[in-house]
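So the structure is just underneath, and the comments pick up after that.
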2 protein chains.
Amino acid sequence: MANSFSSQRIEGILQGWIDSGRYGPGMKLPAERDLAAELGVSRMTLRQALESLQFQGRFQRRPGRAGGTFVSGRVPVLELASMSGLAQQLSSTGADVESRILVAEATEATSEVSKALGVDVGDSVLHLRRLRFANEEPVMIEDSWFPERRLSGLDVGSLAGSVYRALGELDSAPVRKVEELDPSVASPVERELLGVGARHPVLRLVRTAYRADGLAVEYAHDVYRSDAIRVRVTTTD
Amino acid sequence: MANSFSSQRIEGILQGWIDSGRYGPGMKLPAERDLAAELGVSRMTLRQALESLQFQGRFQRRPGRAGGTFVSGRVPVLELASMSGLAQQLSSTGADVESRILVAEATEATSEVSKALGVDVGDSVLHLRRLRFANEEPVMIEDSWFPERRLSGLDVGSLAGSVYRALGELDSAPVRKVEELDPSVASPVERELLGVGARHPVLRLVRTAYRADGLAVEYAHDVYRSDAIRVRVTTTD
DNA sequence: GAGTGGTCTAGACCACGCG
DNA sequence: GCGTGGTCTAGACCACTCG
């Protein structure tokens with residue numbers, strides 16, 4: 001039978017098309033129906049191969065009349081082991097960085113947030129939700145919570161610019177952070193914000209940042225498009 | 001139509017079964033065909049939901065007569081920002097760690113390896129490939145290359161135990177490392193070594209480690225089962 | 001309107017591994 | 001043997017969006 005494992009064979013063929021330069025960054029593959037016919041497999045089988053490659057960041061897919069399957073380019077690197085913010089990080093690599101505030105409000109600490117920040121459940125916290133862009137493309141959603149009581153002087157207005165700078169002005173600059181990583185897939189809301197298709201791979205990052213006296217000043221959930229950003233960690237003894 | 005987006009609905013239902021404790025760690029779900037019938041969807045639709053949850057580490061699936069879909073338990077944490085080796089890392093969390101050497105040989109540096117280690121292409125390097133276990137389960141494949149010439153005294157025999165210790169005895173203990181992360185899927189060879197099913201999610205990590213004089217002493221490719229290990233990064237200013 | 005990816009169906013056969 | 005997940009087929013309809 002010639003059809004055993006054909007999705008893997010297809011995956012290899014497509015990978016070869018990229019590696020050989022037959023399809024370079026930004027180029028569009030033929031429509032799924034045509035490609036499946038050309039390769040002699042059913043559309044579902046082709047889609048399995050495409051999903052695997054999409055997961056590895058090789059392709060992006062967009063629906064609609066002008067949509068299609070596009071070869072990805074090189075992506076910016078995010079250095080985790082650094083106390084600088086994302087904006088500073090990415091711009092130092094030459095990327096053009098923007099940020100859109102989706103939510104900025106005072107709210108009550110949930111059980112999860114209170115535990116991370118070391119405050120009581122129901123305590124007032126500032127919640128900031130931002131959608132962040134690199135080179136005009138949405139690459140990350142960031143939900144941050146700040147303990148309002150511990151940061152007297154911080155208010156919703158302070159969240160507009162660089163939050164780490166605002167914390168610094170309150171003598172609460174973070175000097176230590178702990179981040180946990182978790183590969184996952186985008187939820188429907190995340191898909192819409194990030195402008196990606198179904199089952200798009202993301203990297204979830206949960207962060208708690210502490211100031212010099214050891215108290216937490218930020219708790220955050222980041223969701224990165226794992227095809228649009230590369231994570232690096234540099235460790236020194 | 002009641003069937004719009006049903007794979008997402010199914011995913012939510014299954015997630016609820018875990019969260020509510022109806023299915024706890026280690027428990028087996030009904031067979032795919034039965035579950036699909038019970039939920040009123042086709043098997044392919046059910047499988048989409050299962051794949052998404054498997055990707056997120058909620059389930060493991062094994063084929064064969066005694067196979068099935070099993071709920072995952074909690075997983076050990078790997079702290080990247082630490083110069084200790086994996087064994088020390090994991091065992092400090094109470095995990096039982098083992099290592100099986102698959103390859104230990106002198107070979108010639110490829111272009112990629114020579115570039116990372118700063119040696120000439122074709123220079124002699126030691127190649128070590130290990131399969132590493134936590135709690136009897138294979139969780140990671142590690143390919144390491146060491147510049148033989150720079151590490152006079154290091155030979156294939158030294159690779160049997162803790163390599164970082166062996167490097168220390170040669171005054172070449174790594175003091176700095178750079179690691180890049182890349183979510184991907186297991187290749188057929190990796191699937192077999194790690195004992196996982198098709199399209200299993202893995203975290204690829206490429207590492208270069210340097211000793212005090214700034215010269216590279218190790219270049220490595222790690223492949224982690226992303227459902228079996230959790231990555232943490234702690235940063236201090 | 002027309003063409004794209006996204007989803008879903010209802011089957012089929014295969015590879016594997018315990019009993 | 002037989003039940004498991006793994007793969008594949010050949011269709012169908014949907015949602016979206018450019019022209």
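Note on naming: chains are A, B, ... as they come in the structure tokens, residues start from 1 per chain, ligands start from 1 in the order shown.
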
Least-squares Cα fit of chain B to chain A, output as a PDB file with C-alpha atoms, in the first residue's frame:
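Output file out-v2.pdb is given in full below:
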ATOM      1  CA  MET B   1       0.062   0.124  -0.250  1.00  0.00           C
ATOM      2  CA  ALA B   2       1.648   3.429  -1.201  1.00  0.00           C
ATOM      3  CA  ASN B   3      -0.493   5.347   1.225  1.00  0.00           C
ATOM      4  CA  SER B   4       0.965   4.202   4.546  1.00  0.00           C
ATOM      5  CA  PHE B   5       2.024   7.159   6.651  1.00  0.00           C
ATOM      6  CA  SER B   6       1.405   9.458   3.782  1.00  0.00           C
ATOM      7  CA  SER B   7       0.772  12.472   5.983  1.00  0.00           C
ATOM      8  CA  GLN B   8       4.368  12.191   7.199  1.00  0.00           C
ATOM      9  CA  ARG B   9       5.597  11.820   3.671  1.00  0.00           C
ATOM     10  CA  ILE B  10       3.612  14.891   2.684  1.00  0.00           C
ATOM     11  CA  GLU B  11       5.021  16.783   5.647  1.00  0.00           C
ATOM     12  CA  GLY B  12       8.527  15.949   4.515  1.00  0.00           C
ATOM     13  CA  ILE B  13       7.797  17.082   0.978  1.00  0.00           C
ATOM     14  CA  LEU B  14       6.399  20.411   2.121  1.00  0.00           C
ATOM     15  CA  GLN B  15       9.314  20.900   4.512  1.00  0.00           C
ATOM     16  CA  GLY B  16      11.632  20.263   1.577  1.00  0.00           C
ATOM     17  CA  TRP B  17       9.877  22.912  -0.464  1.00  0.00           C
ATOM     18  CA  ILE B  18      10.675  25.456   2.221  1.00  0.00           C
ATOM     19  CA  ASP B  19      14.232  24.314   2.889  1.00  0.00           C
ATOM     20  CA  SER B  20      15.063  24.266  -0.799  1.00  0.00           C
ATOM     21  CA  GLY B  21      13.748  27.780  -1.199  1.00  0.00           C
ATOM     22  CA  ARG B  22      11.074  26.715  -3.651  1.00  0.00           C
ATOM     23  CA  TYR B  23       8.721  28.507  -1.286  1.00  0.00           C
ATOM     24  CA  GLY B  24      10.279  31.423   0.602  1.00  0.00           C
ATOM     25  CA  PRO B  25       8.966  33.553   3.471  1.00  0.00           C
ATOM     26  CA  GLY B  26       5.643  35.192   2.710  1.00  0.00           C
ATOM     27  CA  MET B  27       4.855  33.018  -0.284  1.00  0.00           C
ATOM     28  CA  LYS B  28       1.492  31.353  -0.632  1.00  0.00           C
ATOM     29  CA  LEU B  29       1.011  27.661  -1.205  1.00  0.00           C
ATOM     30  CA  PRO B  30      -1.642  26.396  -3.633  1.00  0.00           C
ATOM     31  CA  ALA B  31      -5.141  25.961  -2.192  1.00  0.00           C
ATOM     32  CA  GLU B  32      -5.608  22.902  -0.028  1.00  0.00           C
ATOM     33  CA  ARG B  33      -7.892  21.186  -2.518  1.00  0.00           C
ATOM     34  CA  ASP B  34      -5.455  21.686  -5.380  1.00  0.00           C
ATOM     35  CA  LEU B  35      -2.438  20.712  -3.315  1.00  0.00           C
ATOM     36  CA  ALA B  36      -4.138  17.544  -2.093  1.00  0.00           C
ATOM     37  CA  ALA B  37      -4.940  16.556  -5.664  1.00  0.00           C
ATOM     38  CA  GLU B  38      -1.409  17.315  -6.819  1.00  0.00           C
ATOM     39  CA  LEU B  39       0.086  15.220  -4.025  1.00  0.00           C
ATOM     40  CA  GLY B  40      -2.424  12.428  -4.506  1.00  0.00           C
ATOM     41  CA  VAL B  41      -3.929  12.429  -1.013  1.00  0.00           C
ATOM     42  CA  SER B  42      -7.239  13.447   0.456  1.00  0.00           C
ATOM     43  CA  ARG B  43      -7.663  16.943   1.768  1.00  0.00           C
ATOM     44  CA  MET B  44      -7.893  15.744   5.398  1.00  0.00           C
ATOM     45  CA  THR B  45      -4.554  13.996   5.053  1.00  0.00           C
ATOM     46  CA  LEU B  46      -2.927  17.074   3.594  1.00  0.00           C
ATOM     47  CA  ARG B  47      -4.375  19.115   6.437  1.00  0.00           C
ATOM     48  CA  GLN B  48      -2.753  16.847   9.014  1.00  0.00           C
ATOM     49  CA  ALA B  49       0.623  17.585   7.481  1.00  0.00           C
ATOM     50  CA  LEU B  50      -0.126  21.311   7.315  1.00  0.00           C
ATOM     51  CA  GLU B  51      -1.194  21.391  10.958  1.00  0.00           C
ATOM     52  CA  SER B  52       1.982  19.747  12.081  1.00  0.00           C
ATOM     53  CA  LEU B  53       4.076  22.248  10.145  1.00  0.00           C
ATOM     54  CA  GLN B  54       1.945  25.149  11.319  1.00  0.00           C
ATOM     55  CA  PHE B  55       2.541  24.014  14.884  1.00  0.00           C
ATOM     56  CA  GLN B  56       6.249  24.201  14.229  1.00  0.00           C
ATOM     57  CA  GLY B  57       5.841  27.753  12.996  1.00  0.00           C
ATOM     58  CA  ARG B  58       6.626  26.974   9.353  1.00  0.00           C
ATOM     59  CA  PHE B  59       3.301  28.175   7.996  1.00  0.00           C
ATOM     60  CA  GLN B  60       0.537  30.558   8.818  1.00  0.00           C
ATOM     61  CA  ARG B  61      -2.954  29.976   7.488  1.00  0.00           C
ATOM     62  CA  ARG B  62      -5.691  32.519   6.989  1.00  0.00           C
ATOM     63  CA  PRO B  63      -9.256  31.920   5.840  1.00  0.00           C
ATOM     64  CA  GLY B  64     -11.204  34.148   3.488  1.00  0.00           C
ATOM     65  CA  ARG B  65     -11.108  35.071  -0.156  1.00  0.00           C
ATOM     66  CA  ALA B  66      -7.546  36.417   0.058  1.00  0.00           C
ATOM     67  CA  GLY B  67      -6.491  33.789   2.571  1.00  0.00           C
ATOM     68  CA  GLY B  68      -4.316  30.768   2.092  1.00  0.00           C
ATOM     69  CA  THR B  69      -1.319  28.991   3.542  1.00  0.00           C
ATOM     70  CA  PHE B  70       1.736  31.221   3.831  1.00  0.00           C
ATOM     71  CA  VAL B  71       5.360  30.436   4.588  1.00  0.00           C
ATOM     72  CA  SER B  72       6.523  32.097   7.821  1.00  0.00           C
ATOM     73  CA  GLY B  73       9.579  34.310   8.065  1.00  0.00           C
ATOM     74  CA  ARG B  74      12.159  34.598  10.829  1.00  0.00           C
ATOM     75  CA  VAL B  75      10.879  35.612  14.223  1.00  0.00           C
ATOM     76  CA  PRO B  76      12.081  37.940  16.976  1.00  0.00           C
ATOM     77  CA  VAL B  77      13.741  36.482  20.070  1.00  0.00           C
ATOM     78  CA  LEU B  78      12.549  37.143  23.601  1.00  0.00           C
ATOM     79  CA  GLU B  79      15.215  36.834  26.290  1.00  0.00           C
ATOM     80  CA  LEU B  80      13.452  35.669  29.423  1.00  0.00           C
ATOM     81  CA  ALA B  81      16.393  35.997  31.778  1.00  0.00           C
ATOM     82  CA  SER B  82      16.297  39.763  31.764  1.00  0.00           C
ATOM     83  CA  MET B  83      14.470  42.241  33.892  1.00  0.00           C
ATOM     84  CA  SER B  84      13.706  44.531  30.973  1.00  0.00           C
ATOM     85  CA  GLY B  85      10.181  44.676  29.657  1.00  0.00           C
ATOM     86  CA  LEU B  86       9.024  43.182  26.410  1.00  0.00           C
ATOM     87  CA  ALA B  87       9.136  46.486  24.558  1.00  0.00           C
ATOM     88  CA  GLN B  88      12.808  47.070  25.368  1.00  0.00           C
ATOM     89  CA  GLN B  89      13.584  43.429  24.608  1.00  0.00           C
ATOM     90  CA  LEU B  90      12.097  43.322  21.191  1.00  0.00           C
ATOM     91  CA  SER B  91      13.026  46.787  20.067  1.00  0.00           C
ATOM     92  CA  SER B  92      16.678  46.011  20.816  1.00  0.00           C
ATOM     93  CA  THR B  93      16.415  43.344  18.130  1.00  0.00           C
ATOM     94  CA  GLY B  94      15.191  45.900  15.661  1.00  0.00           C
ATOM     95  CA  ALA B  95      11.529  45.018  15.864  1.00  0.00           C
ATOM     96  CA  ASP B  96       8.895  47.726  15.816  1.00  0.00           C
ATOM     97  CA  VAL B  97       6.863  47.340  18.999  1.00  0.00           C
ATOM     98  CA  GLU B  98       3.386  48.576  19.826  1.00  0.00           C
ATOM     99  CA  SER B  99       0.941  47.994  22.615  1.00  0.00           C
ATOM    100  CA  ARG B 100      -2.833  48.332  22.820  1.00  0.00           C
ATOM    101  CA  ILE B 101      -4.529  48.548  26.188  1.00  0.00           C
ATOM    102  CA  LEU B 102      -7.653  46.419  26.296  1.00  0.00           C
ATOM    103  CA  VAL B 103      -8.449  46.665  29.992  1.00  0.00           C
ATOM    104  CA  ALA B 104      -7.126  48.944  32.748  1.00  0.00           C
ATOM    105  CA  GLU B 105      -9.219  48.873  35.885  1.00  0.00           C
ATOM    106  CA  ALA B 106      -9.252  48.359  39.608  1.00  0.00           C
ATOM    107  CA  THR B 107     -10.791  45.061  40.603  1.00  0.00           C
ATOM    108  CA  GLU B 108     -10.808  42.537  43.440  1.00  0.00           C
ATOM    109  CA  ALA B 109      -8.168  39.862  43.780  1.00  0.00           C
ATOM    110  CA  THR B 110      -9.349  36.389  42.869  1.00  0.00           C
ATOM    111  CA  SER B 111      -8.071  33.419  44.788  1.00  0.00           C
ATOM    112  CA  GLU B 112      -5.342  32.788  42.222  1.00  0.00           C
ATOM    113  CA  VAL B 113      -4.177  36.400  42.088  1.00  0.00           C
ATOM    114  CA  SER B 114      -4.253  36.874  45.852  1.00  0.00           C
ATOM    115  CA  LYS B 115      -2.187  33.757  46.360  1.00  0.00           C
ATOM    116  CA  ALA B 116       0.460  34.882  43.897  1.00  0.00           C
ATOM    117  CA  LEU B 117       0.665  38.451  45.159  1.00  0.00           C
ATOM    118  CA  GLY B 118       0.380  37.572  48.824  1.00  0.00           C
ATOM    119  CA  VAL B 119      -2.691  39.714  49.480  1.00  0.00           C
ATOM    120  CA  ASP B 120      -6.143  38.828  50.770  1.00  0.00           C
ATOM    121  CA  VAL B 121      -8.855  37.558  48.473  1.00  0.00           C
ATOM    122  CA  GLY B 122     -10.979  40.543  47.505  1.00  0.00           C
ATOM    123  CA  ASP B 123      -8.196  43.072  48.082  1.00  0.00           C
ATOM    124  CA  SER B 124      -8.066  45.784  45.484  1.00  0.00           C
ATOM    125  CA  VAL B 125      -5.732  45.070  42.581  1.00  0.00           C
ATOM    126  CA  LEU B 126      -5.135  46.858  39.302  1.00  0.00           C
ATOM    127  CA  HIS B 127      -5.783  44.716  36.270  1.00  0.00           C
ATOM    128  CA  LEU B 128      -4.123  45.549  32.969  1.00  0.00           C
ATOM    129  CA  ARG B 129      -4.767  43.640  29.770  1.00  0.00           C
ATOM    130  CA  ARG B 130      -2.642  44.527  26.777  1.00  0.00           C
ATOM    131  CA  LEU B 131      -2.336  43.250  23.239  1.00  0.00           C
ATOM    132  CA  ARG B 132       1.225  43.640  22.062  1.00  0.00           C
ATOM    133  CA  PHE B 133       2.510  43.895  18.507  1.00  0.00           C
ATOM    134  CA  ALA B 134       5.888  43.316  16.879  1.00  0.00           C
ATOM    135  CA  ASN B 135       6.272  44.640  13.349  1.00  0.00           C
ATOM    136  CA  GLU B 136       2.559  45.438  13.178  1.00  0.00           C
ATOM    137  CA  GLU B 137       1.609  41.873  13.985  1.00  0.00           C
ATOM    138  CA  PRO B 138      -0.106  40.887  17.229  1.00  0.00           C
ATOM    139  CA  VAL B 139       2.215  38.469  18.999  1.00  0.00           C
ATOM    140  CA  MET B 140       1.171  38.411  22.637  1.00  0.00           C
ATOM    141  CA  ILE B 141      -1.633  39.026  25.113  1.00  0.00           C
ATOM    142  CA  GLU B 142      -0.606  40.079  28.602  1.00  0.00           C
ATOM    143  CA  ASP B 143      -2.823  40.121  31.671  1.00  0.00           C
ATOM    144  CA  SER B 144      -1.131  41.727  34.669  1.00  0.00           C
ATOM    145  CA  TRP B 145      -2.342  42.318  38.194  1.00  0.00           C
ATOM    146  CA  PHE B 146      -0.716  44.761  40.619  1.00  0.00           C
ATOM    147  CA  PRO B 147      -1.343  44.953  44.391  1.00  0.00           C
ATOM    148  CA  GLU B 148      -2.755  48.455  44.742  1.00  0.00           C
ATOM    149  CA  ARG B 149      -2.354  48.760  48.484  1.00  0.00           C
ATOM    150  CA  ARG B 150       1.317  47.815  48.391  1.00  0.00           C
ATOM    151  CA  LEU B 151       1.980  50.301  45.613  1.00  0.00           C
ATOM    152  CA  SER B 152       0.455  53.492  46.948  1.00  0.00           C
ATOM    153  CA  GLY B 153       0.558  56.021  44.192  1.00  0.00           C
ATOM    154  CA  LEU B 154      -0.059  53.521  41.408  1.00  0.00           C
ATOM    155  CA  ASP B 155      -3.403  54.045  39.735  1.00  0.00           C
ATOM    156  CA  VAL B 156      -5.131  53.196  36.507  1.00  0.00           C
ATOM    157  CA  GLY B 157      -3.566  56.238  34.870  1.00  0.00           C
ATOM    158  CA  SER B 158      -0.032  55.014  35.586  1.00  0.00           C
ATOM    159  CA  LEU B 159      -0.653  51.924  33.538  1.00  0.00           C
ATOM    160  CA  ALA B 160      -0.680  53.771  30.224  1.00  0.00           C
ATOM    161  CA  GLY B 161       3.073  53.759  29.642  1.00  0.00           C
ATOM    162  CA  SER B 162       5.880  51.518  30.787  1.00  0.00           C
ATOM    163  CA  VAL B 163       4.611  49.834  33.908  1.00  0.00           C
ATOM    164  CA  TYR B 164       8.055  48.744  35.037  1.00  0.00           C
ATOM    165  CA  ARG B 165       9.150  52.367  34.928  1.00  0.00           C
ATOM    166  CA  ALA B 166       6.128  53.390  36.987  1.00  0.00           C
ATOM    167  CA  LEU B 167       7.020  50.728  39.534  1.00  0.00           C
ATOM    168  CA  GLY B 168      10.571  52.039  39.645  1.00  0.00           C
ATOM    169  CA  GLU B 169       9.336  55.512  40.540  1.00  0.00           C
ATOM    170  CA  LEU B 170       7.553  53.992  43.516  1.00  0.00           C
ATOM    171  CA  ASP B 171      10.747  52.295  44.727  1.00  0.00           C
ATOM    172  CA  SER B 172       9.143  49.019  43.736  1.00  0.00           C
ATOM    173  CA  ALA B 173      11.148  48.069  40.698  1.00  0.00           C
ATOM    174  CA  PRO B 174      11.071  44.305  40.256  1.00  0.00           C
ATOM    175  CA  VAL B 175      14.429  42.690  40.895  1.00  0.00           C
ATOM    176  CA  ARG B 176      13.431  39.062  40.682  1.00  0.00           C
ATOM    177  CA  LYS B 177      10.826  37.093  38.785  1.00  0.00           C
ATOM    178  CA  VAL B 178       9.714  33.514  38.396  1.00  0.00           C
ATOM    179  CA  GLU B 179       8.161  32.401  35.120  1.00  0.00           C
ATOM    180  CA  GLU B 180       6.587  29.096  34.170  1.00  0.00           C
ATOM    181  CA  LEU B 181       6.067  28.040  30.586  1.00  0.00           C
ATOM    182  CA  ASP B 182       3.320  25.903  29.174  1.00  0.00           C
ATOM    183  CA  PRO B 183       2.768  25.102  25.501  1.00  0.00           C
ATOM    184  CA  SER B 184      -0.926  25.196  24.681  1.00  0.00           C
ATOM    185  CA  VAL B 185      -3.404  26.182  22.004  1.00  0.00           C
ATOM    186  CA  ALA B 186      -5.220  29.461  21.532  1.00  0.00           C
ATOM    187  CA  SER B 187      -8.744  29.797  22.911  1.00  0.00           C
ATOM    188  CA  PRO B 188     -11.407  31.386  20.697  1.00  0.00           C
ATOM    189  CA  VAL B 189     -10.958  34.805  22.334  1.00  0.00           C
ATOM    190  CA  GLU B 190      -7.193  34.575  21.999  1.00  0.00           C
ATOM    191  CA  ARG B 191      -7.547  33.504  18.381  1.00  0.00           C
ATOM    192  CA  GLU B 192      -9.481  36.630  17.614  1.00  0.00           C
ATOM    193  CA  LEU B 193      -7.081  38.972  19.407  1.00  0.00           C
ATOM    194  CA  LEU B 194      -4.003  37.382  17.906  1.00  0.00           C
ATOM    195  CA  GLY B 195      -5.587  37.030  14.495  1.00  0.00           C
ATOM    196  CA  VAL B 196      -4.769  33.371  14.149  1.00  0.00           C
ATOM    197  CA  GLY B 197      -6.667  30.324  13.032  1.00  0.00           C
ATOM    198  CA  ALA B 198      -8.002  27.345  14.852  1.00  0.00           C
ATOM    199  CA  ARG B 199      -5.821  25.285  17.144  1.00  0.00           C
ATOM    200  CA  HIS B 200      -3.009  27.773  16.803  1.00  0.00           C
ATOM    201  CA  PRO B 201      -0.070  26.931  19.089  1.00  0.00           C
ATOM    202  CA  VAL B 202       0.717  29.398  21.861  1.00  0.00           C
ATOM    203  CA  LEU B 203       3.144  29.534  24.740  1.00  0.00           C
ATOM    204  CA  ARG B 204       1.509  30.415  28.047  1.00  0.00           C
ATOM    205  CA  LEU B 205       3.748  32.054  30.610  1.00  0.00           C
ATOM    206  CA  VAL B 206       2.799  32.701  34.207  1.00  0.00           C
ATOM    207  CA  ARG B 207       4.993  35.257  35.958  1.00  0.00           C
ATOM    208  CA  THR B 208       5.351  36.610  39.458  1.00  0.00           C
ATOM    209  CA  ALA B 209       7.728  39.564  39.918  1.00  0.00           C
ATOM    210  CA  TYR B 210       9.161  40.727  43.258  1.00  0.00           C
ATOM    211  CA  ARG B 211      10.777  43.961  44.438  1.00  0.00           C
ATOM    212  CA  ALA B 212      13.860  44.239  46.622  1.00  0.00           C
ATOM    213  CA  ASP B 213      12.046  43.594  49.914  1.00  0.00           C
ATOM    214  CA  GLY B 214      10.771  40.278  48.555  1.00  0.00           C
ATOM    215  CA  LEU B 215       7.147  41.278  48.203  1.00  0.00           C
ATOM    216  CA  ALA B 216       5.341  40.566  44.928  1.00  0.00           C
ATOM    217  CA  VAL B 217       4.575  43.580  42.759  1.00  0.00           C
ATOM    218  CA  GLU B 218       3.182  41.883  39.661  1.00  0.00           C
ATOM    219  CA  TYR B 219       1.404  38.702  38.721  1.00  0.00           C
ATOM    220  CA  ALA B 220       0.899  38.081  35.023  1.00  0.00           C
ATOM    221  CA  HIS B 221      -0.414  35.666  32.425  1.00  0.00           C
ATOM    222  CA  ASP B 222       1.211  36.047  29.029  1.00  0.00           C
ATOM    223  CA  VAL B 223       0.050  34.272  25.891  1.00  0.00           C
ATOM    224  CA  TYR B 224       2.570  34.250  23.045  1.00  0.00           C
ATOM    225  CA  ARG B 225       2.018  33.078  19.509  1.00  0.00           C
ATOM    226  CA  SER B 226       4.678  30.420  19.429  1.00  0.00           C
ATOM    227  CA  ASP B 227       5.123  30.823  15.696  1.00  0.00           C
ATOM    228  CA  ALA B 228       5.810  34.543  16.038  1.00  0.00           C
ATOM    229  CA  ILE B 229       8.301  34.675  18.869  1.00  0.00           C
ATOM    230  CA  ARG B 230      11.261  32.632  19.977  1.00  0.00           C
ATOM    231  CA  VAL B 231      12.174  32.289  23.630  1.00  0.00           C
ATOM    232  CA  ARG B 232      15.746  32.410  24.846  1.00  0.00           C
ATOM    233  CA  VAL B 233      17.157  31.970  28.342  1.00  0.00           C
ATOM    234  CA  THR B 234      20.690  33.023  29.242  1.00  0.00           C
ATOM    235  CA  THR B 235      22.055  31.778  32.546  1.00  0.00           C
ATOM    236  CA  THR B 236      25.182  32.906  34.328  1.00  0.00           C
ATOM    237  CA  ASP B 237      26.611  31.124  37.309  1.00  0.00           C
TER     238      ASP B 237
END

| said: Please extract the residues of stretch 119-186 of chain A with a backbone DSSP assignment of strand (DSSP E or B) and present them as JSON, numbers by chain. | reply: {"A": [124, 125, 126, 127, 128, 129, 130, 131, 132, 133, 134, 137, 138, 139, 140, 141, 142, 143, 144, 145, 146, 147, 176, 177, 178, 179, 180, 181, 182, 183, 184, 185]}

| task | Can you work out which one of D:DG6, D:DG11, D:DG19, D:DG1 has the shortest atom-to-atom distance to C:DC8, counting only C-alpha atoms (C1' of nucleotides)? | result |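 Of the candidates, the smallest distance to C:DC8 is held by D:DG11.
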
| request: Can you check which residues of chain C have any atom within 10 Å of chain A? Use only C-alpha atoms (C1' of nucleotides) and format it as a list in words. | output: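 Here is what falls inside 10 Å: DA2, DG3, DT4, DG5, DG6 and DC14 of chain C.
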
| request: as a list in words, please: all residues of stretch 58-105 of chain B that backbone DSSP puts in alpha helix (DSSP H). | output: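 So, restricting stretch 58-105 of chain B to alpha helix (DSSP H), we get Leu86, Ala87, Gln88, Gln89, Leu90 and Ser91 of chain B.
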
Per residue of chain D within 8 Å of chain A, record the nearest atom pair and its distance in Å to one decimal, counting only C-alpha atoms (C1' of nucleotides), with rows in chain order and ascending residue number, as JSON lines.
{"residue": "D:DT7", "atom": "C1'", "partner": "A:Phe5", "partner_atom": "CA", "distance": 7.1}
{"residue": "D:DC8", "atom": "C1'", "partner": "A:Thr45", "partner_atom": "CA", "distance": 6.7}
{"residue": "D:DT9", "atom": "C1'", "partner": "A:Ser42", "partner_atom": "CA", "distance": 6.3}
{"residue": "D:DA10", "atom": "C1'", "partner": "A:Ser42", "partner_atom": "CA", "distance": 7.4}
{"residue": "D:DC16", "atom": "C1'", "partner": "A:Gly64", "partner_atom": "CA", "distance": 4.7}
{"residue": "D:DT17", "atom": "C1'", "partner": "A:Gly64", "partner_atom": "CA", "distance": 4.7}
{"residue": "D:DC18", "atom": "C1'", "partner": "A:Arg65", "partner_atom": "CA", "distance": 5.3}
